[in-house]
Structures are given as C-alpha cells and as structure tokens.
2 protein chains.
Amino acid sequence: MDSIKQIPGGVCAPKGFKANGVHCGLAKSLEKKDIALIYSDVPCNCAATYTTNKVKAAPLAVTKEHLANGKAQAIICNSGNANACNADGYKVATRMTFLAASHLGLSQDDVLVASTGVIGQPLNIHPIDACMESLVGGLNTNGSDLACQAIMTTDTMKKEISVAFDIGGVECKMGAIAKGSGMIHPNMGTMLGFITTDAAISTDMLNMALKMVVKDTFNMVSVDGDTSTNDMAILMANGLANNPPIDGQSPDFDRFIKVLTYVCIYLARVMARDGEGATKLLECSVTGAVTEDTARVLAKAVITSSLFKAAMFGADANWGRVLCAMGYSGAEFDPLKVEVRFASQDDGIIVCHDGVGVPFSEEKAKKILSEEEIEIHIKLNQGSGEAVAWGCDLTYDYVKINGDYRS
Amino acid sequence: MDSIKQIPGGVCAPKGFKANGVHCGLAKSLEKKDIALIYSDVPCNCAATYTTNKVKAAPLAVTKEHLANGKAQAIICNSGNANACNADGYKVATRMTFLAASHLGLSQDDVLVASTGVIGQPLNIHPIDACMESLVGGLNTNGSDLACQAIMTTDTMKKEISVAFDIGGVECKMGAIAKGSGMIHPNMGTMLGFITTDAAISTDMLNMALKMVVKDTFNMVSVDGDTSTNDMAILMANGLANNPPIDGQSPDFDRFIKVLTYVCIYLARVMARDGEGATKLLECSVTGAVTEDTARVLAKAVITSSLFKAAMFGADANWGRVLCAMGYSGAEFDPLKVEVRFASQDDGIIVCHDGVGVPFSEEKAKKILSEEEIEIHIKLNQGSGEAVAWGCDLTYDYVKINGDYRS
C-alpha cells in the first residue's frame, strides 16, 4: 500500500487533536503514567465497538450512553484498575467524564471513558480528580506518546501508529494508540484502541467501517483466549482535513477502509507480538476454505492452542498440534486435503500434505521456527475463503506475569 | 458412598480379566513400557466413546468397526505414537488387532485398539510384532499395573482404581486404568480410559451408562483446552460375577451408574491433578444455574482460563478472572447475582458477592490457595442447575514439557 505513508504523531497526527498522559497515583510506581486524555478541538463523529463479555466494565456502559448521538470530543482513560465488578463502578466512570468535561468546558456526554487493569477493586476517584488540572493543562499536539504510555499495563511495547493518505485529492491523516498484552482474545472490540482521524466522514459510515475492519484485525488476535471485560475500540473523526465528506458507499469509503485496515493490522500485530511473555509473533493464514468464516475459526483455533503455542516457543515443528487444533475448532474441513507450511521471512518448509506428514529437515524447521516472526500457512484446497490470525508463543514468562499480576 | 469399596487389582480386579505391559521399542527409554494388553477370558459386552475432534486417529476407526456388534474380548494399546495423520494409519491399527487376535486365538474383530503419543509420525509395526509373544505370554491377573504404566506418556501419576459393589445381592467388581496429562479437554470420550467389570449388563445399557457418566466426569476435565485426536473410553463387561443381568432401566442400573460415576470421577480428578506441569488440582463447582448445561459451560470456562490457571499457580485470589471467564463463556447468567468462594479442605473465603468484590483477608486467601487442592464455589442464585469441572494450574513446567515434547 504505497499510497499510505507512515508519519509521526500518533493520535495527534491528524489536525486538531491533542493528548496527554500523567501519573495520578493509581499505578504504584511514580514513574508510570496511569491516566490519559485525548481531545479534539472540534466535535467529532465517533464510532465504538465493545467487548462481548457478559461481564462488562462500567466505563463501557457510560461510553455507550454518551455515544448515543454519535458525537464525542474527548476520551479519558486510566490504567491500573479496570473499574469492573465494582458496586460504584458506573458512578465512578460517570464522574470521570464529568471531571474531564468540566475542565475542558465540554458537555459531559461528549467525553468517553475507558479503564484497564485489575478487576473487582474499587476505583478511587480522588487521585483522578486531583490530577485533572495537570492532565488537561498539559494537553498538546505532541502528547500521543504520553497518552500511549498512560494506557499500558503489562505491555512492554508501545502500540502507536499514524499515517497520511489521500481522500478525493485532499491529504487526511489517521493516528492510533492501543494497549493489550494479557486477557486478549477480542471478540468484537479490542482491548483498548483509540483511533483519531481528521477525515470528514459520517457517523454511520464510521460505524460501518469500524465494524468491518475490527472483524478481520483486532478480533483475529489472541494472546490467551481470555476475552476481557473491558475491550473497546473508539474511532473519532473531526473532519478538519476538509476532504469531500464520506457519507455513503463510494471509492472514498473503500479507501478509508483500506487505511483503517492498515492501521488496525499494524496494532493487531504489535499486540500479538507483545503478548504477555511472548518471544515470537505467530501469523496463521488459512486459504482455500469453504467460507471466510471457516477460515477465521480455523486460523484462530491454531494460534489459540496452548499446545501449539508452547511448541512454537520451543521451535518444535510439531504440526500434529496444528491439525489437532483445527480438528476441535468445530469448523468444517476435509482433514485429508490439508497442507501445512511453516515459514519465516526468508524460508519455508512444508510439513504436512493431504493431511499426513511429509519428510522434512528438522534442522531447517528448527531454524525457521527460531525466528521472531513465524508464519503458519494452511491450505485447505476446498474453496476460496481465507483469513489471517495473529498470536504469540506460550512461555515461562506468561506464567510468571499472570501467576502474580495483582502484587 | 460407603457401599462402594475400593479394592486392589485395577482392570484385573473383576473376575476373568488379565493384563500386561511391556517395552517393545516405541519409547526411547528401555525402562518405559510402551504397549499394553487387556484380556477377558470370555467375550464381553462392550461400549466406547470417542473424541469429537474432526481429525481422528486411525485406531478409533478400527475400534469403532470392531465394536459394531457390541462385543470384544481384548484391548491392545501403544504409547509413544498416536498413529494419527499417517497415510498407513488404518492399515497399521488393523494389523495391531490382527497380531493380538492371532496370538490370543480370537477373532480379529474381538480386539480393540488404541494409541497415544506424537501425531503424524508413521507407527512402525515391527517392534509391536516382535514383542507379541512376550506381551501375550505375560498376561496375568496382577498385570493391571504393567498395562497402566505402558499407556502413560507425560503422565507422572498412575491412574488406576478398582472397586467392589453389590448388584442384586451379588458382589461385582469394576476396575479401570487411564492416561492423560496434556492435550486434555475431552469433549465426549476421554484421553484413554479402559474400564472393566464382571457385572452382567447388556451392551445397550453399557452404552447408555458410559454416555451418561462421561458427560459429567471425563468431559468436565480440562488441562489445556486441547481436545485430542485420540480420546477414547472403553467399558468392558464380561458378566462373570453372575449377578441378575442388567438389561433395562432399574434400581440395579442406577446402582451401576453410581459405581461407574465413582470410578470415573476418581480418574477425572487424578488426570486433572496430573495435568502437564500442574502443582494443584482445581475443582470448580457451579450451583444455582438456570440449567445444568449452563452450569457445565461456566464451570468448564473457569478451569480452562489460562489467566485464572496462572493466578492459581501464583496463589493469587484474582477472582475477577473467574467472572471474566464466566462472562465470555457464552452461558446465560446474571453477573449481579454471582457469589464466588475459594476453599481448601479446611477453610473457605468469600471473595465476591452479588457480582462485586467483598473485602477479604489476602493472607487467608493466600493460605487457602497454597493448598494442593483448591475448590472454587460459584453460586448463581438463579435456578437449580449444577455441575463440577476439574482442572489444574498453569505452570512453568507446562511450557517446558510442551515446548519440546517431541525430542
């Protein structure tokens, strides 16, 4: 996609967006920023997707209400506490939007709210209240990095991207920050993903775009099979690029979808690569499926299998676990037509053909599987459905991180 | 169940059963027995359940064919090789039954066959052929232990039990051996479970009994969420106890169900406790669900969650992960009515009430969660459906074992 150009700036790359992140006291370390604010100079059309987990964190309910009119102008988000399963969760989340709104001079329902961290511990509003002046006062057009740091929990890599593109001859920009490392198996929204753009596009088309793109990007990532209570992706468009507005199906809309896909795939891959304890990114592509849904289910089953993930950690070409995972996924396919190929950027090796093993060089396989990015190519030879899923290996560090997350 | 008495003998405890296990050469270590034989002096009525994995190992197809008439007299089973995804798998599995049948003087279709081990590596029939004389020659009524050892792979604990019980005033016996440690998330059959009894019971009632009991025992175990290609449970009844035959619904049948449940729960618990790398047995009971199925799905979601399993390894009372797992399970329940209680044999502590956290002593929780058997009691307060599931913690050793299983 040579006409999508990566640029610096993150969520502040598009015109009219500012951001900030500070330490308010929810995180133990004074070094760790724990509250973020993203703000647009003008009201934005806005779309969001939310976790499908039946247990939903309070901020999701508040954000959904505030988005009923499809408009928003700011997002406030804390890390260190999920504000889920708390008796006063809704009240506290609402209060967060009130505090941000009054400091920003906005209507309360133009502020969206998100949280990430431990479930079931009351979220103390006081440190948030106390930091509001410095959080709002420090908003600036170089603040994406600070906001990005502030929403991280066990993340070890920053998830930030921004791009420039063209709609109807007018340059537009899109930026995004995301967080996500554990409890990641989005099933509709994502962990947290905040995407800004200065493109002019209607709320309806934003909603359609986000829904379409999330399905094949964030929802195809799994770190541990656990779908969080707090997953949410928000897409804000303030229109300041002054492109011909996108308000229906059109080549411009297709173009917007391509850009959004590019941004979300980037974030999906970094999230998978930064899976808790991960040493490797796994990219599983399934082709030749009877339907696209079949391909999705199969690709996701493979990168979700604990046994397969552990084998990848050990650089063990145990392809039987690929077939095993496909077999219990519930998807329809003919095991006797399956081809499995392991590949790295430089090299590849077929390990299974027509559903049975083929002789291969263990040494070569070991070399391929020792790379940091491993591709698993599965050909089903039954149709034209295809999908890609991203995951990571299962390591000692995943156990370590999650054996004692709260302390 | 004081009228079910544990006795020694394993699968040879019931009258007329013999067993043996030897090293034929499939396992690398000469110490490791790798082929087992179970034999009844007389033909048995016989029932079996099989994996629901779409990729099924060849021995399952052969066993299913040989069981078409509901009769069998012997089971041959190797470890070290799953005989799955091999071009000649069916031929080799059939050959195994032929070899056993000819040495035992049986019809080939009275011999059942099972395999467990690595997927996708051709199974060499020659070492099996070569050991047949010693395997058959060594059959004896103390051989259950040898057979039990021979079907183990990464298992570290023997899974063997035998009991005496009473049907219509006549003493009957039931014995069983099982294997299962990794790739365990049975969804109909089990890993491998071989159950013998000298009770007289028709094939139809055996089938019904096995189907009913497996649902609430083996199928409620999960070590890693991976349903194997080789799962199989076989139940053989040779009738030598001479009890009034069970051939329909009756108090005797109910009694038989109770005994079979007792035996299978014992094996289910040992399998979970001996999950690859496990240091703890987790028993999750859900009560008050709208339906039994709801309770099953919820209990299983909790003990399958990687995040929750890692928390249990770390003795971290992170109950939010319990609610999170319940929430994404797809089961219907009201999050605001949920109570969660962690307990050991001696003590218990409520950590969540009406869906929100309650203050609790972290110290006491740590003590409870440091025990080797941890109970998670979930009350839904919505109905009378209940279920129990068994699992284990997720540890460094699980990763170690599965990072390099084939070498």
# chains A, B, ... in the order shown; residues from 1 in each chain; ligands from 1
call {"tool": "select_by_dssp", "arguments": {"residues": "region 27-264 of chain A", "states": "strand (DSSP E)", "output": "PyMOL selection string"}}
result
chain A and resi 35-50+71-81+111-118+159-167+170-179+192-197+232-237
call {"tool": "residues_around", "arguments": {"residues": "Ala48 (chain B)", "least_positions_apart": "6", "cutoff": "7 Å", "atoms": "only C-alpha atoms", "output": "mmCIF file with C-alpha atoms, in the first residue's frame"}}
result
data_model
loop_
_atom_site.group_PDB
_atom_site.id
_atom_site.type_symbol
_atom_site.label_atom_id
_atom_site.label_comp_id
_atom_site.auth_asym_id
_atom_site.auth_seq_id
_atom_site.Cartn_x
_atom_site.Cartn_y
_atom_site.Cartn_z
ATOM 1 C CA MET B 232 -11.317 -42.874 23.794
ATOM 2 C CA ALA B 233 -13.009 -44.588 26.727
ATOM 3 C CA ILE B 234 -13.844 -48.279 26.598
ATOM 4 C CA LEU B 235 -16.061 -50.151 29.074
#
call {"tool": "select_by_dssp", "arguments": {"residues": "region 167-392 of chain A", "states": "helix (DSSP H, G or I)", "output": "PyMOL selection string"}}
result
chain A and resi 203-216+218-220+251-273+292-304+306-313+320-328+335-337+362-369
call {"tool": "residues_around", "arguments": {"residues": "region 109-125 of chain A", "least_positions_apart": "5", "cutoff": "6 Å", "atoms": "only C-alpha atoms", "output": "PyMOL selection string"}}
result
(chain A and resi 59+63+66+72-86+97) or (chain B and resi 320+357)
call {"tool": "write_last_selection", "arguments": {"atoms": "N, CA, C and O atoms", "output": "PDB file, in the first residue's frame"}}
result
ATOM      1  N   PRO A  59     -17.144   1.534  32.599  1.00  0.00           N
ATOM      2  CA  PRO A  59     -16.872   2.596  31.616  1.00  0.00           C
ATOM      3  C   PRO A  59     -17.510   2.316  30.257  1.00  0.00           C
ATOM      4  O   PRO A  59     -17.863   3.249  29.538  1.00  0.00           O
ATOM      5  N   THR A  63     -19.659   4.998  28.221  1.00  0.00           N
ATOM      6  CA  THR A  63     -19.259   5.409  26.875  1.00  0.00           C
ATOM      7  C   THR A  63     -20.374   5.168  25.870  1.00  0.00           C
ATOM      8  O   THR A  63     -20.669   6.003  25.015  1.00  0.00           O
ATOM      9  N   HIS A  66     -22.985   7.834  26.212  1.00  0.00           N
ATOM     10  CA  HIS A  66     -22.524   9.132  25.723  1.00  0.00           C
ATOM     11  C   HIS A  66     -22.381   9.143  24.200  1.00  0.00           C
ATOM     12  O   HIS A  66     -22.341  10.203  23.591  1.00  0.00           O
ATOM     13  N   ALA A  72     -18.575  12.863  19.907  1.00  0.00           N
ATOM     14  CA  ALA A  72     -17.745  12.971  21.107  1.00  0.00           C
ATOM     15  C   ALA A  72     -16.595  13.913  20.801  1.00  0.00           C
ATOM     16  O   ALA A  72     -16.298  14.215  19.632  1.00  0.00           O
ATOM     17  N   GLN A  73     -15.927  14.354  21.872  1.00  0.00           N
ATOM     18  CA  GLN A  73     -14.833  15.291  21.646  1.00  0.00           C
ATOM     19  C   GLN A  73     -13.594  14.939  22.474  1.00  0.00           C
ATOM     20  O   GLN A  73     -12.513  15.484  22.240  1.00  0.00           O
ATOM     21  N   ALA A  74     -13.758  14.011  23.436  1.00  0.00           N
ATOM     22  CA  ALA A  74     -12.601  13.638  24.264  1.00  0.00           C
ATOM     23  C   ALA A  74     -12.767  12.221  24.799  1.00  0.00           C
ATOM     24  O   ALA A  74     -13.883  11.706  24.906  1.00  0.00           O
ATOM     25  N   ILE A  75     -11.623  11.596  25.103  1.00  0.00           N
ATOM     26  CA  ILE A  75     -11.612  10.273  25.752  1.00  0.00           C
ATOM     27  C   ILE A  75     -10.703  10.376  26.969  1.00  0.00           C
ATOM     28  O   ILE A  75      -9.563  10.831  26.865  1.00  0.00           O
ATOM     29  N   ILE A  76     -11.220   9.940  28.119  1.00  0.00           N
ATOM     30  CA  ILE A  76     -10.368   9.840  29.302  1.00  0.00           C
ATOM     31  C   ILE A  76     -10.212   8.358  29.632  1.00  0.00           C
ATOM     32  O   ILE A  76     -11.180   7.591  29.559  1.00  0.00           O
ATOM     33  N   CYS A  77      -8.988   7.942  29.946  1.00  0.00           N
ATOM     34  CA  CYS A  77      -8.753   6.514  30.179  1.00  0.00           C
ATOM     35  C   CYS A  77      -7.688   6.319  31.251  1.00  0.00           C
ATOM     36  O   CYS A  77      -6.614   6.915  31.179  1.00  0.00           O
ATOM     37  N   ASN A  78      -8.001   5.486  32.240  1.00  0.00           N
ATOM     38  CA  ASN A  78      -6.997   5.174  33.263  1.00  0.00           C
ATOM     39  C   ASN A  78      -6.494   3.739  33.111  1.00  0.00           C
ATOM     40  O   ASN A  78      -7.211   2.873  32.610  1.00  0.00           O
ATOM     41  N   SER A  79      -5.294   3.487  33.553  1.00  0.00           N
ATOM     42  CA  SER A  79      -4.806   2.113  33.666  1.00  0.00           C
ATOM     43  C   SER A  79      -4.629   1.789  35.148  1.00  0.00           C
ATOM     44  O   SER A  79      -4.760   2.665  35.998  1.00  0.00           O
ATOM     45  N   GLY A  80      -4.387   0.505  35.461  1.00  0.00           N
ATOM     46  CA  GLY A  80      -4.167   0.117  36.860  1.00  0.00           C
ATOM     47  C   GLY A  80      -5.418  -0.351  37.565  1.00  0.00           C
ATOM     48  O   GLY A  80      -5.346  -0.966  38.630  1.00  0.00           O
ATOM     49  N   ASN A  81      -6.572  -0.101  36.991  1.00  0.00           N
ATOM     50  CA  ASN A  81      -7.830  -0.532  37.601  1.00  0.00           C
ATOM     51  C   ASN A  81      -8.883  -0.599  36.503  1.00  0.00           C
ATOM     52  O   ASN A  81      -9.093   0.372  35.772  1.00  0.00           O
ATOM     53  N   ALA A  82      -9.524  -1.773  36.372  1.00  0.00           N
ATOM     54  CA  ALA A  82     -10.468  -2.000  35.279  1.00  0.00           C
ATOM     55  C   ALA A  82     -11.824  -1.368  35.530  1.00  0.00           C
ATOM     56  O   ALA A  82     -12.650  -1.296  34.631  1.00  0.00           O
ATOM     57  N   ASN A  83     -12.064  -0.971  36.767  1.00  0.00           N
ATOM     58  CA  ASN A  83     -13.397  -0.496  37.157  1.00  0.00           C
ATOM     59  C   ASN A  83     -14.483  -1.448  36.657  1.00  0.00           C
ATOM     60  O   ASN A  83     -15.493  -1.026  36.096  1.00  0.00           O
ATOM     61  N   ALA A  84     -14.247  -2.744  36.877  1.00  0.00           N
ATOM     62  CA  ALA A  84     -15.230  -3.778  36.522  1.00  0.00           C
ATOM     63  C   ALA A  84     -15.607  -4.513  37.802  1.00  0.00           C
ATOM     64  O   ALA A  84     -14.760  -4.704  38.680  1.00  0.00           O
ATOM     65  N   CYS A  85     -16.867  -4.945  37.903  1.00  0.00           N
ATOM     66  CA  CYS A  85     -17.346  -5.674  39.084  1.00  0.00           C
ATOM     67  C   CYS A  85     -17.191  -4.847  40.359  1.00  0.00           C
ATOM     68  O   CYS A  85     -16.848  -5.390  41.414  1.00  0.00           O
ATOM     69  N   ASN A  86     -17.435  -3.554  40.267  1.00  0.00           N
ATOM     70  CA  ASN A  86     -17.454  -2.701  41.449  1.00  0.00           C
ATOM     71  C   ASN A  86     -18.864  -2.152  41.640  1.00  0.00           C
ATOM     72  O   ASN A  86     -19.513  -1.771  40.666  1.00  0.00           O
ATOM     73  N   THR A  97     -16.017  11.260  33.497  1.00  0.00           N
ATOM     74  CA  THR A  97     -16.399  12.079  32.337  1.00  0.00           C
ATOM     75  C   THR A  97     -16.801  13.481  32.789  1.00  0.00           C
ATOM     76  O   THR A  97     -16.534  14.457  32.105  1.00  0.00           O
TER      77      THR A  97
ATOM     78  N   GLY B 320     -11.520 -11.700  39.818  1.00  0.00           N
ATOM     79  CA  GLY B 320     -12.006 -11.005  38.620  1.00  0.00           C
ATOM     80  C   GLY B 320     -11.852 -11.890  37.390  1.00  0.00           C
ATOM     81  O   GLY B 320     -12.659 -11.844  36.466  1.00  0.00           O
ATOM     82  N   GLY B 357     -16.790  -7.228  44.409  1.00  0.00           N
ATOM     83  CA  GLY B 357     -15.827  -7.687  45.394  1.00  0.00           C
ATOM     84  C   GLY B 357     -16.277  -7.429  46.816  1.00  0.00           C
ATOM     85  O   GLY B 357     -16.975  -6.446  47.078  1.00  0.00           O
TER      86      GLY B 357
END
call {"tool": "interface_residues", "arguments": {"of": "chain B", "to": "chain A", "cutoff": "6 Å", "atoms": "only C-alpha atoms", "output": "mmCIF file with C-alpha atoms, in the first residue's frame"}}
result
data_model
loop_
_atom_site.group_PDB
_atom_site.id
_atom_site.type_symbol
_atom_site.label_atom_id
_atom_site.label_comp_id
_atom_site.auth_asym_id
_atom_site.auth_seq_id
_atom_site.Cartn_x
_atom_site.Cartn_y
_atom_site.Cartn_z
ATOM 1 C CA ASN B 53 -12.074 -33.928 17.114
ATOM 2 C CA LYS B 54 -12.635 -33.866 13.349
ATOM 3 C CA VAL B 55 -9.130 -35.220 12.940
ATOM 4 C CA CYS B 85 -2.422 -38.262 10.401
ATOM 5 C CA ASN B 86 -0.454 -41.135 8.909
ATOM 6 C CA ALA B 87 -1.115 -42.394 5.390
ATOM 7 C CA ILE B 119 0.782 -37.118 15.894
ATOM 8 C CA GLY B 120 1.944 -37.526 12.319
ATOM 9 C CA ALA B 310 -1.840 -18.918 36.157
ATOM 10 C CA ALA B 311 -3.346 -16.988 39.086
ATOM 11 C CA PHE B 313 -0.328 -21.242 40.327
ATOM 12 C CA GLY B 314 0.641 -17.970 41.997
ATOM 13 C CA GLY B 320 -12.006 -11.005 38.620
ATOM 14 C CA GLY B 327 -18.606 -13.712 31.055
ATOM 15 C CA TYR B 328 -17.027 -14.859 27.807
ATOM 16 C CA GLY B 355 -21.087 -9.729 41.365
ATOM 17 C CA VAL B 356 -18.859 -7.277 43.185
ATOM 18 C CA GLY B 357 -15.827 -7.687 45.394
ATOM 19 C CA THR B 395 2.886 -23.533 35.415
ATOM 20 C CA TYR B 396 6.373 -23.073 34.033
ATOM 21 C CA VAL B 399 5.503 -24.676 28.985
ATOM 22 C CA ASN B 402 5.200 -28.762 25.667
ATOM 23 C CA GLY B 403 7.935 -26.570 24.304
ATOM 24 C CA ASP B 404 9.915 -29.630 23.453
#
call {"tool": "residues_around", "arguments": {"residues": "region 32-34 of chain A", "least_positions_apart": "3", "cutoff": "8 Å", "atoms": "only C-alpha atoms", "output": "PyMOL selection string"}}
result
chain A and resi 21-29+78-80+146+149-152
call {"tool": "residues_around", "arguments": {"residues": "Cys12 (chain B)", "least_positions_apart": "4", "cutoff": "12 Å", "atoms": "only C-alpha atoms", "output": "ChimeraX atom specification"}}
result
/B:7-8,16-20,37-41,139-148,160-163,173-177,194-198,236,238
call {"tool": "residues_around", "arguments": {"residues": "Val286 (chain A)", "least_positions_apart": "3", "cutoff": "9 Å", "atoms": "only C-alpha atoms", "output": "ChimeraX atom specification"}}
result
/A:289,295-296,298-299,376-380,385-389
call {"tool": "write_last_selection", "arguments": {"atoms": "N, CA and C atoms", "output": "short mmCIF file (atom, residue, chain, number, x, y, z; two decimals), in the first residue's frame"}}
result
data_model
loop_
_atom_site.label_atom_id
_atom_site.label_comp_id
_atom_site.auth_asym_id
_atom_site.auth_seq_id
_atom_site.Cartn_x
_atom_site.Cartn_y
_atom_site.Cartn_z
N ALA A 289 -10.57 -22.21 2.14
CA ALA A 289 -11.67 -22.70 2.96
C ALA A 289 -13.00 -22.56 2.22
N ALA A 295 -12.49 -20.16 7.57
CA ALA A 295 -11.07 -19.80 7.60
C ALA A 295 -10.74 -19.07 8.89
N ARG A 296 -11.64 -18.16 9.30
CA ARG A 296 -11.42 -17.40 10.54
C ARG A 296 -11.35 -18.32 11.75
N LEU A 298 -10.69 -21.49 11.92
CA LEU A 298 -9.52 -22.37 11.89
C LEU A 298 -8.24 -21.61 12.24
N ALA A 299 -8.06 -20.43 11.64
CA ALA A 299 -6.84 -19.67 11.90
C ALA A 299 -6.75 -19.31 13.38
N ILE A 376 2.38 -19.46 9.69
CA ILE A 376 1.84 -20.80 9.52
C ILE A 376 0.85 -20.70 8.38
N HIS A 377 1.16 -21.34 7.27
CA HIS A 377 0.29 -21.29 6.10
C HIS A 377 -0.49 -22.58 6.00
N ILE A 378 -1.80 -22.47 6.05
CA ILE A 378 -2.64 -23.67 5.96
C ILE A 378 -3.48 -23.58 4.70
N LYS A 379 -3.29 -24.55 3.80
CA LYS A 379 -4.12 -24.60 2.59
C LYS A 379 -5.14 -25.71 2.76
N LEU A 380 -6.42 -25.37 2.53
CA LEU A 380 -7.48 -26.37 2.70
C LEU A 380 -7.91 -26.98 1.38
N GLY A 385 -12.36 -19.24 0.65
CA GLY A 385 -12.39 -18.49 1.92
C GLY A 385 -10.99 -18.40 2.51
N GLU A 386 -10.65 -17.19 2.99
CA GLU A 386 -9.34 -17.06 3.63
C GLU A 386 -9.38 -16.08 4.79
N ALA A 387 -8.43 -16.23 5.69
CA ALA A 387 -8.35 -15.37 6.88
C ALA A 387 -6.95 -15.45 7.46
N VAL A 388 -6.63 -14.44 8.24
CA VAL A 388 -5.33 -14.40 8.93
C VAL A 388 -5.59 -14.15 10.42
N ALA A 389 -4.86 -14.84 11.29
CA ALA A 389 -4.96 -14.58 12.72
C ALA A 389 -3.56 -14.39 13.28
#
call {"tool": "residues_around", "arguments": {"residues": "Asn381 (chain A)", "least_positions_apart": "6", "cutoff": "9 Å", "atoms": "only C-alpha atoms", "output": "list in words"}}
result
Thr287, Gly288, Ala289, Val290, Asp334, Lys337, Val338 and Glu339 of chain A
call {"tool": "write_last_selection", "arguments": {"atoms": "all heavy atoms", "output": "JSON list (two decimals), in the first residue's frame"}}
result
[["chain", "number", "residue", "atom", "x", "y", "z"],
["A", 287, "THR", "N", -6.09, -20.53, 3.79],
["A", 287, "THR", "CA", -6.66, -20.26, 2.47],
["A", 287, "THR", "C", -7.39, -21.51, 1.98],
["A", 287, "THR", "O", -7.19, -22.61, 2.50],
["A", 287, "THR", "CB", -5.57, -19.90, 1.44],
["A", 287, "THR", "OG1", -4.61, -20.96, 1.41],
["A", 287, "THR", "CG2", -4.85, -18.61, 1.83],
["A", 288, "GLY", "N", -8.23, -21.31, 0.97],
["A", 288, "GLY", "CA", -8.91, -22.45, 0.36],
["A", 288, "GLY", "C", -10.04, -23.02, 1.20],
["A", 288, "GLY", "O", -10.46, -24.16, 1.00],
["A", 289, "ALA", "N", -10.57, -22.21, 2.14],
["A", 289, "ALA", "CA", -11.67, -22.70, 2.96],
["A", 289, "ALA", "C", -13.00, -22.56, 2.22],
["A", 289, "ALA", "O", -13.12, -21.76, 1.30],
["A", 289, "ALA", "CB", -11.73, -21.93, 4.27],
["A", 290, "VAL", "N", -13.98, -23.33, 2.64],
["A", 290, "VAL", "CA", -15.30, -23.28, 2.01],
["A", 290, "VAL", "C", -15.90, -21.88, 2.17],
["A", 290, "VAL", "O", -16.48, -21.33, 1.25],
["A", 290, "VAL", "CB", -16.22, -24.36, 2.61],
["A", 290, "VAL", "CG1", -17.63, -24.23, 2.06],
["A", 290, "VAL", "CG2", -15.65, -25.74, 2.33],
["A", 334, "ASP", "N", -11.95, -30.76, 5.26],
["A", 334, "ASP", "CA", -11.57, -32.14, 4.99],
["A", 334, "ASP", "C", -10.11, -32.34, 5.43],
["A", 334, "ASP", "O", -9.20, -31.84, 4.77],
["A", 334, "ASP", "CB", -11.71, -32.41, 3.49],
["A", 334, "ASP", "CG", -11.35, -33.85, 3.15],
["A", 334, "ASP", "OD1", -10.83, -34.57, 4.03],
["A", 334, "ASP", "OD2", -11.59, -34.26, 2.00],
["A", 337, "LYS", "N", -7.24, -33.06, 2.97],
["A", 337, "LYS", "CA", -6.81, -32.13, 1.92],
["A", 337, "LYS", "C", -5.90, -31.03, 2.46],
["A", 337, "LYS", "O", -5.54, -30.09, 1.75],
["A", 337, "LYS", "CB", -8.04, -31.48, 1.27],
["A", 337, "LYS", "CG", -8.83, -32.45, 0.40],
["A", 337, "LYS", "CD", -9.92, -31.70, -0.36],
["A", 337, "LYS", "CE", -10.66, -32.65, -1.29],
["A", 337, "LYS", "NZ", -11.83, -32.00, -1.90],
["A", 338, "VAL", "N", -5.54, -31.16, 3.74],
["A", 338, "VAL", "CA", -4.82, -30.06, 4.40],
["A", 338, "VAL", "C", -3.32, -30.06, 4.09],
["A", 338, "VAL", "O", -2.67, -31.10, 4.15],
["A", 338, "VAL", "CB", -5.00, -30.14, 5.93],
["A", 338, "VAL", "CG1", -4.14, -29.08, 6.63],
["A", 338, "VAL", "CG2", -6.46, -29.99, 6.31],
["A", 339, "GLU", "N", -2.81, -28.87, 3.75],
["A", 339, "GLU", "CA", -1.36, -28.69, 3.66],
["A", 339, "GLU", "C", -0.93, -27.68, 4.71],
["A", 339, "GLU", "O", -1.57, -26.65, 4.88],
["A", 339, "GLU", "CB", -0.96, -28.19, 2.27],
["A", 339, "GLU", "CG", 0.55, -27.93, 2.15],
["A", 339, "GLU", "CD", 0.92, -27.37, 0.78],
["A", 339, "GLU", "OE1", 0.77, -28.09, -0.22],
["A", 339, "GLU", "OE2", 1.35, -26.20, 0.73]]
call {"tool": "atom_distance", "arguments": {"atom1": "CA of Val214 (chain A)", "atom2": "CA of Gly193 (chain A)"}}
result
10.5 Å
call {"tool": "atom_distance", "arguments": {"atom1": "CA of Asp247 (chain A)", "atom2": "CA of Ser202 (chain A)"}}
result
5.2 Å
call {"tool": "decode", "arguments": {"residues": "region 165-177 of chain A", "atoms": "N, CA and C atoms", "output": "short mmCIF file (atom, residue, chain, number, x, y, z; two decimals), in the first residue's frame"}}
result
data_model
loop_
_atom_site.label_atom_id
_atom_site.label_comp_id
_atom_site.auth_asym_id
_atom_site.auth_seq_id
_atom_site.Cartn_x
_atom_site.Cartn_y
_atom_site.Cartn_z
N PHE A 165 -2.82 9.85 4.16
CA PHE A 165 -3.43 9.25 2.98
C PHE A 165 -4.25 10.33 2.28
N ASP A 166 -4.89 9.91 1.23
CA ASP A 166 -5.50 10.89 0.35
C ASP A 166 -6.97 10.51 0.12
N ILE A 167 -7.86 11.46 0.34
CA ILE A 167 -9.28 11.22 0.03
C ILE A 167 -9.72 12.33 -0.91
N GLY A 168 -10.09 11.96 -2.11
CA GLY A 168 -10.57 12.96 -3.07
C GLY A 168 -9.56 14.06 -3.30
N GLY A 169 -8.29 13.71 -3.35
CA GLY A 169 -7.26 14.70 -3.63
C GLY A 169 -6.85 15.54 -2.42
N VAL A 170 -7.44 15.27 -1.28
CA VAL A 170 -7.11 16.03 -0.07
C VAL A 170 -6.34 15.13 0.89
N GLU A 171 -5.24 15.64 1.45
CA GLU A 171 -4.49 14.82 2.40
C GLU A 171 -5.22 14.72 3.74
N CYS A 172 -5.41 13.48 4.19
CA CYS A 172 -6.00 13.23 5.51
C CYS A 172 -4.98 12.46 6.33
N LYS A 173 -5.24 12.42 7.63
CA LYS A 173 -4.36 11.66 8.50
C LYS A 173 -5.16 10.79 9.45
N MET A 174 -4.54 9.71 9.88
CA MET A 174 -5.17 8.85 10.88
C MET A 174 -4.10 8.46 11.87
N GLY A 175 -4.45 8.45 13.16
CA GLY A 175 -3.49 8.05 14.18
C GLY A 175 -4.16 7.12 15.17
N ALA A 176 -3.38 6.35 15.88
CA ALA A 176 -3.98 5.42 16.83
C ALA A 176 -3.00 5.06 17.93
N ILE A 177 -3.54 4.83 19.12
CA ILE A 177 -2.77 4.18 20.17
C ILE A 177 -3.62 3.01 20.66
#
